[in-house]
Structure formats: structure tokens, C-alpha cells
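Presented below is the structure to which this report refers.
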There are 4 protein chains.
Amino acid sequence: MKTVTVGIIGAGRIGKVHAENIAKFVPEMEIKRVADPYMSPETEAFLRRLRIPCISNDPEDILNDPEIQAVIVCSPTDLHAEYVIRSARAGKDVFCEKPIDYRLERVHEAIDACKKAGVKLQVGFNRRFDHNHRAVYEAVRAGRIGDVNLVKISSRDPAPPTIDYVKVSGGIFYDMMIHDFDMARFLAGSEVTEVFAYGAVLVDPAIGQAGDVDTAVVTLKFANGAMGVIDNSRKAVYGYDQRVEVFGSKGTVMDGNDTPNNAVFYGEDGTVSGTCYKIMWDRYTGAFAAEQKAFADALIHDTPVQVTGEDGLYPILIAAAATKSMREGRPVKISEIE
Amino acid sequence: MKTVTVGIIGAGRIGKVHAENIAKFVPEMEIKRVADPYMSPETEAFLRRLRIPCISNDPEDILNDPEIQAVIVCSPTDLHAEYVIRSARAGKDVFCEKPIDYRLERVHEAIDACKKAGVKLQVGFNRRFDHNHRAVYEAVRAGRIGDVNLVKISSRDPAPPTIDYVKVSGGIFYDMMIHDFDMARFLAGSEVTEVFAYGAVLVDPAIGQAGDVDTAVVTLKFANGAMGVIDNSRKAVYGYDQRVEVFGSKGTVMDGNDTPNNAVFYGEDGTVSGTCYKIMWDRYTGAFAAEQKAFADALIHDTPVQVTGEDGLYPILIAAAATKSMREGRPVKISEIE
Amino acid sequence: MKTVTVGIIGAGRIGKVHAENIAKFVPEMEIKRVADPYMSPETEAFLRRLRIPCISNDPEDILNDPEIQAVIVCSPTDLHAEYVIRSARAGKDVFCEKPIDYRLERVHEAIDACKKAGVKLQVGFNRRFDHNHRAVYEAVRAGRIGDVNLVKISSRDPAPPTIDYVKVSGGIFYDMMIHDFDMARFLAGSEVTEVFAYGAVLVDPAIGQAGDVDTAVVTLKFANGAMGVIDNSRKAVYGYDQRVEVFGSKGTVMDGNDTPNNAVFYGEDGTVSGTCYKIMWDRYTGAFAAEQKAFADALIHDTPVQVTGEDGLYPILIAAAATKSMREGRPVKISEIE
Amino acid sequence: MKTVTVGIIGAGRIGKVHAENIAKFVPEMEIKRVADPYMSPETEAFLRRLRIPCISNDPEDILNDPEIQAVIVCSPTDLHAEYVIRSARAGKDVFCEKPIDYRLERVHEAIDACKKAGVKLQVGFNRRFDHNHRAVYEAVRAGRIGDVNLVKISSRDPAPPTIDYVKVSGGIFYDMMIHDFDMARFLAGSEVTEVFAYGAVLVDPAIGQAGDVDTAVVTLKFANGAMGVIDNSRKAVYGYDQRVEVFGSKGTVMDGNDTPNNAVFYGEDGTVSGTCYKIMWDRYTGAFAAEQKAFADALIHDTPVQVTGEDGLYPILIAAAATKSMREGRPVKISEIE
């Protein structure tokens with residue numbers, strides 16, 4: 001089997017998830033190095049158990065290692081673009097966690113750097129690789145529903161993030177709905193041209209005081225004439241709820257949530273089955289592995305990546321337009337943003 | 001619209017159900033008379049509201065009325081055969097509630113009387129007309145599952161009948177599983193040749209003291225080589241539970257229970273939906289109307305009835321074999337019975 | 001049983017549906033008269049079979065009949081208000097098909113006439129009485145989902161109406177989504193204060209040429225802070241698709257579509273089950289009967305009707321706001337309308 | 001983390017599955033050695049990629065290695081007992097693939113050897129660890145359904161094994177239904193005391209010519225009075241179909257099949273969703289890992305194993321009784337077997 005040698009910059013939660021998934025499920029990838037300036041002994045031990053040979057505090061070790069063909073950027077968000085650019089300049093293909101950056105010019109710089117260096121850039125929109133969403137996508141692409149008329153997405157988290165996080169996250173459109181903006185484009189097969197956003201503080205007043213909303217409904221217009229609607233809530237007590245539907249001229253296709261098991265109990269008071277997963281990593285276990293497998297495939301077979309730099313850019317434009325729409329109380333064209 | 005004029009003998013529960021269903025849903029039938037020796041004023045008022053013109057205490061009124069083309073026999077079970085025979089002799093087509101009789105010779109006499117008189121005889125196995133079971137049946141008949149290999153039937157009542165009823169009912173195989181024996185033949189499209197029965201008293205010891213079991217599992221062999229299995233329980237706390245499955249060389253087809261509504265609640269502790277119906281009449285509302293409609297169709301178009309006298313006979317043979325099997329602890333061939 | 005005597009003005013499709021449902025399922029109501037200036041012989045025969053004693057061409061017969069306590073107005077839409085007003089003046093309670101009128105001043109006149117006369121007025125939003133939507137409503141009202149955060153409604157017809165109808169219907173918001181505006185208020189338990197509408201012509205260009213859209217997504221703000229979203233399409237090839245979801249602080253509750261049966265086939269190429277109903281009357285059979293039963297209950301027990309004149313008014317305001325929003329490309333407050 | 005060092009005897013299909021699952025999902029276990037007299041270069045490479053240090057042709061290497069605490073026996077079935085016994089004598093705990101042996105005396109010898117040596121013995125009934133079946137089991141054990149009245153199991157393979165395999169497998173009761181016999185005991189929480197078996201050749205006449213049946217229905221009596229029924233087919237064209245239901249005095253609990261995804265398509269001709277898995281390893285991926293994790297837990301915490309030697313013995317007794325029942329056409333008590 002042909003393999004690619006990779007390094008991972010950043011060993012926080014998502015860095016460890018990628019490391020573990022690659023080690024277990026992506027035999028096409030060899031992780032040679034993981035580097036994180038704040039590497040803890042526990043993290044180092046965890047990575048050792050995955051048999052990763054070189055663990056250090058210095059990302060330069062990765063950038064300078066000629067054996068490493070690709071870099072997986074899992075740094076804090078504000079360093080994503082920098083490591084993408086430096087990896088590209090070092091001639092390495094890049095997988096970058098989403099978002100590339102919240103500042104559009106930085107996103108462009110990162111994308112341009114990769115283009116200029118002729119390296120591949122894949123962005124970490126993992127949900128595209130979820131088995132259920134992917135099946136919906138494939139049904140749409142296979143023409144089963146005919147022309148796309150409407151894309152509907154529900155996306156609700158089990159609990160809000162900390163207020164500290166809310167303050168710096170850029171807001172619900174940037175840190176949460178951004179996944180759905182990507183999903184909407186992915187499923188519609190067309191670009192969003194205009195958005196209208198309603199937001200409200202219904203979960204926790206502190207979120208409002210921090211300048212954000214916790215519940216939002218955004219309607220979308222696509223270039224191909226289709227429409228979309230996304231609803232987000234920071235708190236669904238029943239768990240991580242993510243469902244999509246694509247309705248078209250020949251039918252509709254939708255998915256549901258996975259549950260830990262499908263046992264059903266029929267009792268005197270009703271029929272009871274399990275809840276959704278309450279932890280994101282359980283919900284998208286397979287998706288994280290699948291996106292790395294897809295990245296490995298693109299590298300090994302020199303084919304286009306499935307989530308491009310532009311795919312990383314557009315959701316940020318949509319998030320900017322949604323934010324502007326909510327603030328100004330009017331629909332906003334994507335073309336107003338840049 | 002061509003219509004047939006009918007009379008109903010017996011205005012107990014099932015008689016009233018048929019009267020109401022025909023009045024509401026079977027415009028092809030006109031009920032001219034209902035007769036019951038024990039007609040109560042409430043029942044009479046109920047029948048009057050259905051605009052039934054002639055209500056009396058004397059079944060002879062029906063048998064002697066030359067305008068009445070068909071008789072619907074809803075008398076107590078031990079008079080079924082008698083009224084079938086007398087109706088036949090009066091030249092009237094007959095719909096007879098199940099069972100025709102528990103005594104095989106009486107069943108034969110009833111069937112023979114109808115044959116000799118050249119009148120139609122339909123037996124009241126209403127479940128054949130249930131929309132879900134019927135859809136399974138039609139899928140099987142359409143060849144979707146290929147050759148039938150296995151028929152599985154679950155049939156559970158919400159609560160046991162009274163002990164007084166248990167004492168005279170002939171036992172679980174005659175009064176409850178008989179519906180399933182009919183369903184098994186209906187779905188398999190083949191005759192049962194042998195049965196093996198296990199029974200147990202798990203619901204109420206009083207049922208055992210009355211000489212019956214309250215839980216039973218019966219396996220069947222069909223003439224075409226297929227097998228079947230039926231389970232019955234006198235008490236399913238979650239309601240009236242009746243499901244069938246037919247498995248074959250090209251797939252399997254199964255149905256489930258109807259529920260009063262399909263709303264689903266997702267809460268912190270799980271996902272909750274409605275229970276099965278807890279009242280038999282709610283469960284099979286449409287089936288009772290549909291069997292009368294089918295009877296009307298057979299009369300108007302002079303086509304064969306969908307549930308024949310033989311269809312009334314065979315389940316009784318199977319019930320007899322199952323009873324014998326359980327008592328003797330061995331498989332019993334249907335050919336041993338007659 | 002206490003009963004009320006009613007008359008039905010208009011014997012078109014919906015008039016006949018109400019007549020049949022009342023005759024079969026609402027024993028508390030006696031239909032004494034049905035009047036329609038264009039009564040056909042077939043309709044008259046149909047009504048005779050329902051045992052309705054007085055059938056005529058003149059609605060005056062109903063208005064002048066002192067035995068008739070309530071009038072069910074099933075005339076063409078542009079005469080609804082007139083018959084409501086005249087019925088009220090005649091001292092009769094009124095059930096009026098939706099919409100009362102598309103002209104707001106006429107709606108007010110009708111409501112005022114009923115108030116002044118001290119008669120009850122129920123409006124025909126039948127979907128409130130659908131068993132599935134009702135179960136969702138009851139779960140919400142029972143507090144199972146806590147505070148309402150979001151109401152989601154999908155409503156899609158199997159096929160568009162004729163272009164002639166589209167030209168005079170007032171548009172998708174008035175003739176189709178109006179049901180969903182009512183449902184949204186019903187489920188949210190709060191008034192809509194603002195709407196934003198996107199519409200598109202994706203089904204048939206002729207609909208666009210007639211000045212309407214065939215696909216629409218409308219987002220709503222409610223007075224209680226909750227949000228809503230409704231999607232409509234004139235054409236869902238798989239049938240009549242109507243689903244609602246109400247998401248709140250303690251969970252979410254949703255319903256699905258009924259199907260003619262619940263049989264499921266598992267074959268080599270997948271698992272196949274039935275489609276939605278393709279005919280509206282099949283979809284809402286029970287709902288039409290239930291709304292008349294509720295009307296009868298309100299009359300007999302002198303309790304408030306479940307769908308008031310105001311309930312008839314508000315959806316028209318929302319439809320007006322949605323129309324304005326789509327045309328002007330901005331959110332529109334309901335307070336802008338009147 | 002405390003870990004146990006294990007060796008695996010046999011590197012055929014199941015040996016490799018265990019090796020891979022342990023390497024990926026059971027950090028509590030270290031596989032030091034894998035030995036197989038017929039180790040292929042491909043298998044060796046596969047095991048090397050899992051970082052297993054010692055790979056050889058000689059099981060003695062494992063038995064003689066004092067660092068190895070437990071042996072996982074994945075040899076051909078007729079050597080299972082031998083390796084269990086020798087491992088026990090070497091003082092090592094043992095995980096033995098099912099069945100321990102088809103010869104009862106050998107099973108007893110194996111169990112006795114482990115008891116005498118004071119080592120643990122876990123048998124590889126992996127389905128007990130399937131997430132769905134386990135949830136059913138836990139609901140039963142938690143008392144949710146009250147007293148167990150009935151256990152129902154369907155178990156169907158996508159395609160029959162080769163005729164060569166059929167000839168030596170001992171028959172459908174030994175090689176296929178044995179899993180269900182274990183599941184029945186597991187779910188009922190009681191011993192089987194009597195069985196009655198019907199079998200038929202409905203899939204392939206060659207299976208009959210080889211002396212076996214390909215379709216079977218077995219009814220069971222349990223010591224606690226409950227009953228059970230199992231159906232098996234060698235060929236379900238729609239995939240690997242395994243469902244269980246346990247019905248009791250307070251309700252019923254059942255599970256269904258996992259599918260590769262839960263996307264549902266609604267089209268003009270019906271509603272279509274995915275099929276069951278068609279490959280056994282996909283169906284029970286998690287179960288194989290979970291049984292090794294449970295074994296590791298029992299070793300590390302010195303707690304009883306979840307599937308004992310007796311659990312390995314009883315299904316063989318039931319299989320023997322079922323075989324005898326089918327041949328002799330009568331119910332057979334388990335007590336007749338030994």
C-alpha cells in the first residue's frame with residue numbers, strides 16, 4: 001500500500017482526534033511527527049501509545065522535515081492561516097481545520113499561498129464525510145430527487161459553549177452555523193447568493209450580554225434558484241441533533257440522527273427509544289476518520305481534494321453576510337461582503 | 001349504484017359494529033332489518049339512528065323477508081351454524097361471524113347447506129381486510145418476496161377475557177389464535193399440514209385453573225414446504241399488538257401496529273412515541289367495514305367471496321390440532337383431526 | 001344526546017365533505033338543510049343518500065329556518081363574509097370555511113357582525129384537528145418541550161392547482177401557506193409579529209407568468225421571542241407532505257405523514273415502504289370530522305370555539321405581510337399591514 | 001492504565017479480526033504474540049502493521065511465554081479444546097472462539113481444565129456484546145418488561161456457506177443457530193429445558209443432499225416457564241438480518257438491524273431506505289471489540305467473565321437436542337442429551 005507521511009501541528013482536542021483516527025483507521029497515512037508548543041505529558045503519552053515516533057514542542061520540526069509530505073493544521077484558529085502558508089511555502093500539502101481564519105484577507109492569503117506553491121489544501125468540514133449526510137448528498141448527486149428546490153438543515157448542540165468562548169468565537173454564524181453553510185452549499189451543489197438571518201437569545205441571557213444570539217434561523221438563496229433554511233440552537237437537551245433534507249422535483253431525501261442503539265421498549269405509557277448522542281465526537285466518529293482517508297486518497301492518487309480552500313472561504317462569506325443581515329434587519333447579498 | 005338488501009341476526013357488540021359500518025361506509029348495502037331476541041331499548045335506539053327501518057326480536061322476520069338477499073349472522077356462536085343453515089335454506093347469501101362453530105360436523109353442515117342451496121357464504125375473518133396485513137398479503141401475492149419460506153405472526157391482547165369466558169371459549173387456540181391460523185393460511189397461500197404447540201400459564205393462574213393457557217407458541221408446517229410460527233399472549237400491557245412477517249426467497253415483508261398518532265417527542269431521557277391501540281375496535285375499524293364492502297362486492301358482481309366456508313373450517317382444524325399437540329406434547333398432523 | 005340542527009350553504013366539494021362527515025361521524029349534529037344555487041342532480045342524490053331532508057337552491061331557506069341553530073358556510077370564497085354576516089344577523093352560529101375573505105375590512109365586518117349578534121364563529125382551519133398535529137400541539141401545551149424556541153413547518157402539495165386558479169387565488173401565501181400561518185400561531189401559542197419571505201418559481205414557469213411563486217420559505221418572529229420557519233412547494237411528487245416540529249427548552253416534538261399502510265418490504269435493493277397520501281381528503285379525513293365535532297361541542301356546551309374569527313383574521317395579515325416582504329425584499333412587521 | 005499481555009493462536013479470519021480490534025480499540029490489552037502454523041506472508045505483514053512484535057508458526061511460543069497472561073484461541077474448531085486445555089495447564093486465562101467443541105466430552109474437559117487450573121475462560125459469543133442486543137438485554141435485566149414470557153429471535157444470513165462447509169459443520173443448529181441458543185439463554189435469564197425443531201430445505205437442494213436443512217424454526221421452553229422461538233434461514237437476499245424481542249408482563253423490548261446510513265428517499269413510487277449490512281464483520285464490528293474489552297476488564301479487575309465455559313456448553317446441548325428433535329419429530333428435553 002502506498003502511504004503518505006504526515007505531521008500534525010497542534011495536539012489539542014482535535015489534533016488528538018485526528019492522530020488517533022489516522023493511527024487506527026487510515027493505514028494510508030503515517031504520522032511521523034506531532035508538534036505543539038504546549039504539549040502536556042499526558043498528551044505525549046497518548047501520542048506515544050499511537051506509536052507516533054517524533055513528538056516535540058516545535059512546529060518547525062514538521063515544516064523542516066523533508067520526509068513529511070503533508071501537514072495537518074490543528075493549531076488555535078488564529079494561527080491556522082499562518083501554518084497553512086508556511087506549510088505551503090515548505091512545499092507540503094495541507095489539511096487545515098476549519099475555519100481557515102475569520103479574517104477574509106487571511107483566508108485569501110492562505111488559499112493563494114497553496115495555489116502558488118502548487119500544494120493541495122483540504123479544509124476540515126468533517127460533516128461532509130458523515131455517513132448519513134453523505135448518503136443524502138449522493139442521492140442528490142445521483143439525480144434521485146431531480147432539480148434541487150430546497151435544502152433544510154437543523155443543527156443543534158446539546159449545550160452552549162462557555163461565555164468566554166462565545167465572546168471570542170465571532171458569534172453563532174461563525175462558530176456553529178458555519179458547518180451548516182458548508183453543508184448547504186455541498187448539498188445544493190450551488191453557491192449561496194443571498195441570506196436573511198433572524199437570531200434570538202432564548203437559551204441563556206448571558207449569551208446575549210456577550211453580544212451573540214443562541215438561536216438562529218437563516219434563509220438562503222442559491223445561484224441555481226433553490227432556497228435553503230438552517231436552524232441552529234445552542235441547546236437541545238436531547239443531544240446533538242443534526243438532520244438535513246434536500247427536496248427536489250423528483251422527491252425528497254432526508255437523514256436522521258444516529259443513536260447509541262436501536263432498541264425500542266413498548267410499555268404501558270408509550271414507546272421509548274434511545275436519544276441522540278450527547279457528545280460530538282460520538283456523533284461524528286466515522287466522519288473524522290473518513291475526511292482523513294479522503295485527504296490521503298487525494299494525496300496518493302493526486303486527485304483534487306473534496307473540500308477545497310474555496311470551500312473554506314465561502315462559509316465565512318456567508319457567516320459575514322448572515323451577521324450583517326441579522327444586525328441590519330435585511331437580506332444581504334454575498335456580493336456585498338467582499 | 002347497485003345495492004343489496006341485508007338483514008342482521010344478532011345485535012350484540014359485533015352486530016352493532018357491522019350495522020354501523022355498513023350504514024356509514026358501505027353504500028352498496030341497505031340494512032333493512034336487524035333482529036335479536038334480546039334487543040334492548042338502547043340498542044334499538046342506536047339502530048334507529050342508523051336509519052334501519054325494521055327492528056325486531058325475531059330472526060324469523062329476516063329469514064322470511066323476500067326482499068332480503070343476504071343475512072349477516074352475529075348471533076351467539078352456538079347458533080351460528082343454525083342461522084347459516086336456515087338462511088341458506090331460505091335462499092339467502094350468508095355472512096357468518098367466526099367461528100362458524102367449534103364442532104366440526106356443524107361446520108360441515110353449514111358449509112354443505114350453503115353449497116346445496118347455491119348461496120354464498122363469507123366468514124368473518126376481518127383481519128384479512130386490515131390495511132396493513134392486506135398490504136403484506138398483496139406484496140406476497142405480487143411475488144415481491146418470491147417463494148414463501150416463513151410466516152411469522154405475533155398476536156397479543158391488551159388484557160385477558162373474563163374467567164367465565166375462558167371456561168367456555170374452547171381455549172386460546174379456538175378463541176384467539178384462530179385468527180392467526182387464518183392469517184397464516186392467508187399469507188402463506190398454502191394449507192397447514194402439521195402443528196406443534198407449546199402453551200404456558202404466565203399471565204394469570206386462574207386461567208390455568210380454568211383449564212386453559214394464556215401464552216402460546218405454535219409452529220406450523222405448510223403443504224408448500226414453508227414453515228410458520230405464531231405467538232399469542234392474553235396480556236400485552238402496551239395494547240393490542242398484531243404484527244405479521246412473510247419471509248421468502250426474494251426478501252421479507254412485515255407490518256407493524258397502528259398508533260393513534262405519529263407524534264414523537266425527543267427529551268432528555270429518550271425518544272417517546274405513542275402506544276398501540278388498546279381497544280380492538282379501534283385497531284380494526286377499517287377492517288370491519290372493508291370485509292362488509294368485500295361481501296357486498298361479491299354479491300353485487302356475483303364473484304367468489306374472499307373468505308369462504310372452507311376458510312372458516314380450516315382454522316378450526318388447526319386449533320383442534322394445536323390443542324391436541326399441546327396436550328400430547330407432540331406434533332400433530334391436520335389429517336389426524338378429521 | 002343533545003343535538004344541534006344545522007344548515008349548509010354551498011354544496012361544492014367542501015360542502016359535500018362536511019355533509020358526509022357530519023352525517024357519519026357527528027351524531028351531535030342534524031343537517032336539516034343544504035342549499036346551493038347550482039345544486040346538480042348528482043349532488044342532490046348524494047345528499048339524499050345522507051338522509052338530509054331539505055335540499056334547495058336558495059340559501060335563504062336556511063337563513064329563514066328558525067329550527068336551524070347554526071350555518072356552515074361553504075360558498076365560494078368571495079361570498080363567505082356575506083353569508084357569515086347574514087347568518088349572524090339571523091341569530092345563527094356560524095362555521096365559515098377559510099378564508100373568511102381576502103379583504104381585511106370584510107373579515108372585520110364578518111367578525112364584528114358575529115360579536116354584535118352574540119353568535120359563535122368558527123373558522124375552518126381543519127389541520128388543527130389532524131390527529132398528528134393535534135398530538136404535537138398537546139405535547140407543547142402540556143409543557144413537555146418547555147418554552148417554545150422554534151416552530152418548523154413543511155407543507156407541500158402533490159401537484160399545483162390550475163393556472164386559472166393561481167391567477168385568482170391571491171398567491172401561494174393566501175391560498176396555501178395560510179394553513180401554515182394558522183398552524184404556526186397554533187403551535188407557538190403566540191402571535192407572529194414579523195415575517196420575511198423568499199419565493200421562487202421552480203415548479204412551473206406558467207405559475208411565475210401568472211404572477212405567483214410555487215416555492216416559498218418564510219421565517220417568522222413571534223411575540224414571545226420564538227422563531228418559525230415554513231416551507232411550501234406546489235409539487236411534491238411523493239404526495240401530500242405536511243410535517244411540523246416544535247423545538248423548545250426541554251425537547252422537541254414532531255410528527256410525520258400518515259401512509260395508507262405501514263407494511264415494509266426488505267429486498268436486495270433496499271427497504272421500501274408506502275408513500276404519503278396523494279389526495280388531500282385522504283390526508284385529513286379525520287380532521288374534517290373532528291372540526292365539526294368540535295363545533296358541535298362548542299354549540300351544545302356553549303363553550304368557546306377552538307378556531308375563532310380572530311384566528312381567521314391573523315393568517316390573512318401574515319399572508320399580506322409575507323406577500324409584501326417577498327415583493328419588497330425586506331422583513332415586514334404585521335403592524336405594518338393594518 | 002493497567003494492561004494484560006496476550007497471545008493469539010490462529011491467524012485466520014477471526015484471529016485477524018481479534019488482533020485488529022484489540023490493537024485499535026482495546027488499549028488494556030497488549031498483543032505480544034500471534035502464532036499460526038499456516039501463517040502467510042500477507043497475514044504476517046498485516047500483523048506487523050498492527051505493531052505486534054512476535055509472530056511465529058508455533059503456538060508453543062505463546063504457551064511457553066511467561067509474560068503472556070492470556071491466550072486467545074482462534075484455531076480451527078477441532079483444536080479449540082486442545083488449546084484451551086494446554087493454555088489452562090500453562091496457567092493462562094483463555095478466550096476461546098465458539099464453539100469450544102462439538103463433542104460434549106471435549107467441552108467438559110476444556111471447562112474442567114480451566115477450573116482445575118484456576119484460570120478464566122471466556123467463550124466467543126460476540127453477539128452478546130452487540131450494542132442493540134445488549135440494550136435489549138439491559139432493559140430486560142433492569143426489569144422494564146417485568147417477568148419474561150417470550151423470547152423471539154430472527155437470524156438470517158445473506159447467503160449459505162459452501163456445501164463443503166455444510167457437510168462438516170454439524171448442521172444449521174450447530175453452526176448457525178448456536179448463536180441464537182446462546183442469545184435465547186442470555187435474554188431469558190433462564191435455562192432452556194426442552195426444544196422442538198422444524199427444519200426444511202427451501203434455499204438450496206444441495207444443502208439437503210448434504211444432510212442439512214437451510215431453514216429452521218425452533219421453539220424453546222425455559223426453566224422459568226417462559227417460551228422462546230428462533231427462526232433461521234441460510235439466505236436473506238436483503239442482508240444479515242438479526243433481530244430479537246423479549247416480551248414480558250410489563251411490556252416488550254425489541255431491536256432491529258443497523259444499516260450503513262439512515263438516509264430516506266421519498267419518491268413517486270414509495271419511500272426507500274438502506275438495506276441491512278451484507279457482511280457479517282460490518283454487522284458486528286463493535287461487538288467483536290467489546291467482547292475483547294470485556295475479557296480484558298475481567299482479567300484486569302479479576303471479575304467473572306461475561307460468557308463462561310458453561311455458556312459455551314449449553315448452546316451445544318441445545319443444538320444436540322434440536323437436531324434430535326428435528327430427526328425424531330418430537331420435542332426433546334435437554335436432560336435427554338447428557
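Residue numbers start at 1 in each chain; chains themselves are named A, B, ... in the order of the C-alpha cells; ligands are numbered from 1 in the order shown.
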
Given only C-alpha atoms, how would the per-residue table for chain A near chain C read, listing every residue at most 6 Å away with its closest atom pair and distance in Å to one decimal, sorted by chain and number, as CSV?
residue,atom,partner,partner_atom,distance
A:Val237,CA,C:Gly251,CA,5.8
A:Lys250,CA,C:Val237,CA,6.0
A:Gly251,CA,C:Val237,CA,5.8
A:Arg330,CA,C:Arg330,CA,5.4

Helix (DSSP H, G or I) call set, DSSP backbone run, range 84-205 of chain D, as JSON, numbers by chain: {"D": [84, 85, 86, 87, 88, 89, 104, 105, 106, 107, 108, 109, 110, 111, 112, 113, 114, 115, 116, 117, 126, 127, 128, 129, 131, 132, 133, 134, 135, 136, 137, 138, 139, 140, 141, 163, 164, 165, 166, 167, 168, 172, 173, 174, 175, 177, 178, 179, 180, 181, 182, 183, 184, 185, 186, 187, 188, 205]}

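Distance-wise, CA of His80 in chain A and CA of Ala110 in chain A end up 8.8 Å apart.
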
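Candidate residues C:Lys120, C:His108, C:Arg103, C:Arg128 were compared for distance to Val305 in chain C, and the nearest is C:Lys120, using only C-alpha atoms.
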
Option closest in space to Lys167 in chain A, from A:Leu79, A:Val151, A:Cys54, A:Val213 [counting only C-alpha atoms]: A:Val213

For range 266-281 of chain C: contacts at 10 Å, only C-alpha atoms, fewer than 5 positions along chain excluded, given as a PyMOL selection string: (chain B and resi 135+144-145+247-255) or (chain C and resi 14+17+157-159+236-242+256-261+286-288) or (chain D and resi 158+236-239+264-276+278)

Residues within 8 Å of Glu191 in chain B, please, as a PDB file with N, CA and C atoms, in the first residue's frame. Count only C-alpha atoms; anything in the same chain fewer than 3 positions from it doesn't count.
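Resulting contents of out_7.pdb:
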ATOM      1  N   ARG B 185     -52.617 -19.114   6.924  1.00  0.00           N
ATOM      2  CA  ARG B 185     -53.012 -19.716   5.650  1.00  0.00           C
ATOM      3  C   ARG B 185     -53.121 -18.652   4.555  1.00  0.00           C
ATOM      4  N   ALA B 188     -49.517 -17.429   3.709  1.00  0.00           N
ATOM      5  CA  ALA B 188     -48.657 -18.458   3.108  1.00  0.00           C
ATOM      6  C   ALA B 188     -49.172 -18.890   1.740  1.00  0.00           C
ATOM      7  N   PHE B 222     -46.449 -25.987   6.343  1.00  0.00           N
ATOM      8  CA  PHE B 222     -47.399 -25.793   5.254  1.00  0.00           C
ATOM      9  C   PHE B 222     -47.154 -26.836   4.160  1.00  0.00           C
ATOM     10  N   ALA B 223     -48.197 -27.064   3.370  1.00  0.00           N
ATOM     11  CA  ALA B 223     -48.102 -28.044   2.292  1.00  0.00           C
ATOM     12  C   ALA B 223     -47.007 -27.685   1.288  1.00  0.00           C
ATOM     13  N   ASN B 224     -46.759 -26.391   1.103  1.00  0.00           N
ATOM     14  CA  ASN B 224     -45.748 -25.980   0.120  1.00  0.00           C
ATOM     15  C   ASN B 224     -44.332 -26.006   0.679  1.00  0.00           C
TER      16      ASN B 224
END

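Minimum atom-to-atom distances from D:Ile62, D:Leu104, D:Val73, D:Ile337 to Lys16 in chain D were compared using only C-alpha atoms, and the lowest value belongs to D:Val73.
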
Residues near Arg51 in chain C, cut-off 10 Å, only C-alpha atoms, skip fewer than 2 positions along chain, as a PyMOL selection string: (chain B and resi 51) or (chain C and resi 23+30-32+45-49+53-54)

Selection export as a PDB file, in the first residue's frame, atoms kept: C-alpha atoms:
ATOM      1  CA  ARG B  51     -81.963   4.693   9.896  1.00  0.00           C
TER       2      ARG B  51
ATOM      3  CA  ALA C  23     -73.844  12.539   8.747  1.00  0.00           C
ATOM      4  CA  GLU C  30     -78.503  17.080  12.462  1.00  0.00           C
ATOM      5  CA  ILE C  31     -78.213  18.543   8.989  1.00  0.00           C
ATOM      6  CA  LYS C  32     -81.689  19.786   8.161  1.00  0.00           C
ATOM      7  CA  ALA C  45     -78.781  12.425  -4.874  1.00  0.00           C
ATOM      8  CA  PHE C  46     -75.611  12.275  -2.800  1.00  0.00           C
ATOM      9  CA  LEU C  47     -77.183  14.419  -0.114  1.00  0.00           C
ATOM     10  CA  ARG C  48     -80.376  12.383  -0.185  1.00  0.00           C
ATOM     11  CA  ARG C  49     -78.370   9.249   0.486  1.00  0.00           C
ATOM     12  CA  PRO C  53     -84.328  16.128   4.449  1.00  0.00           C
ATOM     13  CA  CYS C  54     -84.337  19.590   2.836  1.00  0.00           C
TER      14      CYS C  54
END

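You will find CA of Ile55 in chain B at 14.3 Å from CA of Ile72 in chain B.
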
Selection: 8 Å around Lys333 in chain A, only C-alpha atoms, excl. self and same-chain fewer than 5 positions, as a list in words: Thr193, Glu194, Val195 and Ala321 of chain A

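For the choices A:His301, A:Lys98, A:Arg106, A:Arg283, the atom-to-atom distance to Gln122 in chain A is smallest for A:Lys98 when using only C-alpha atoms.
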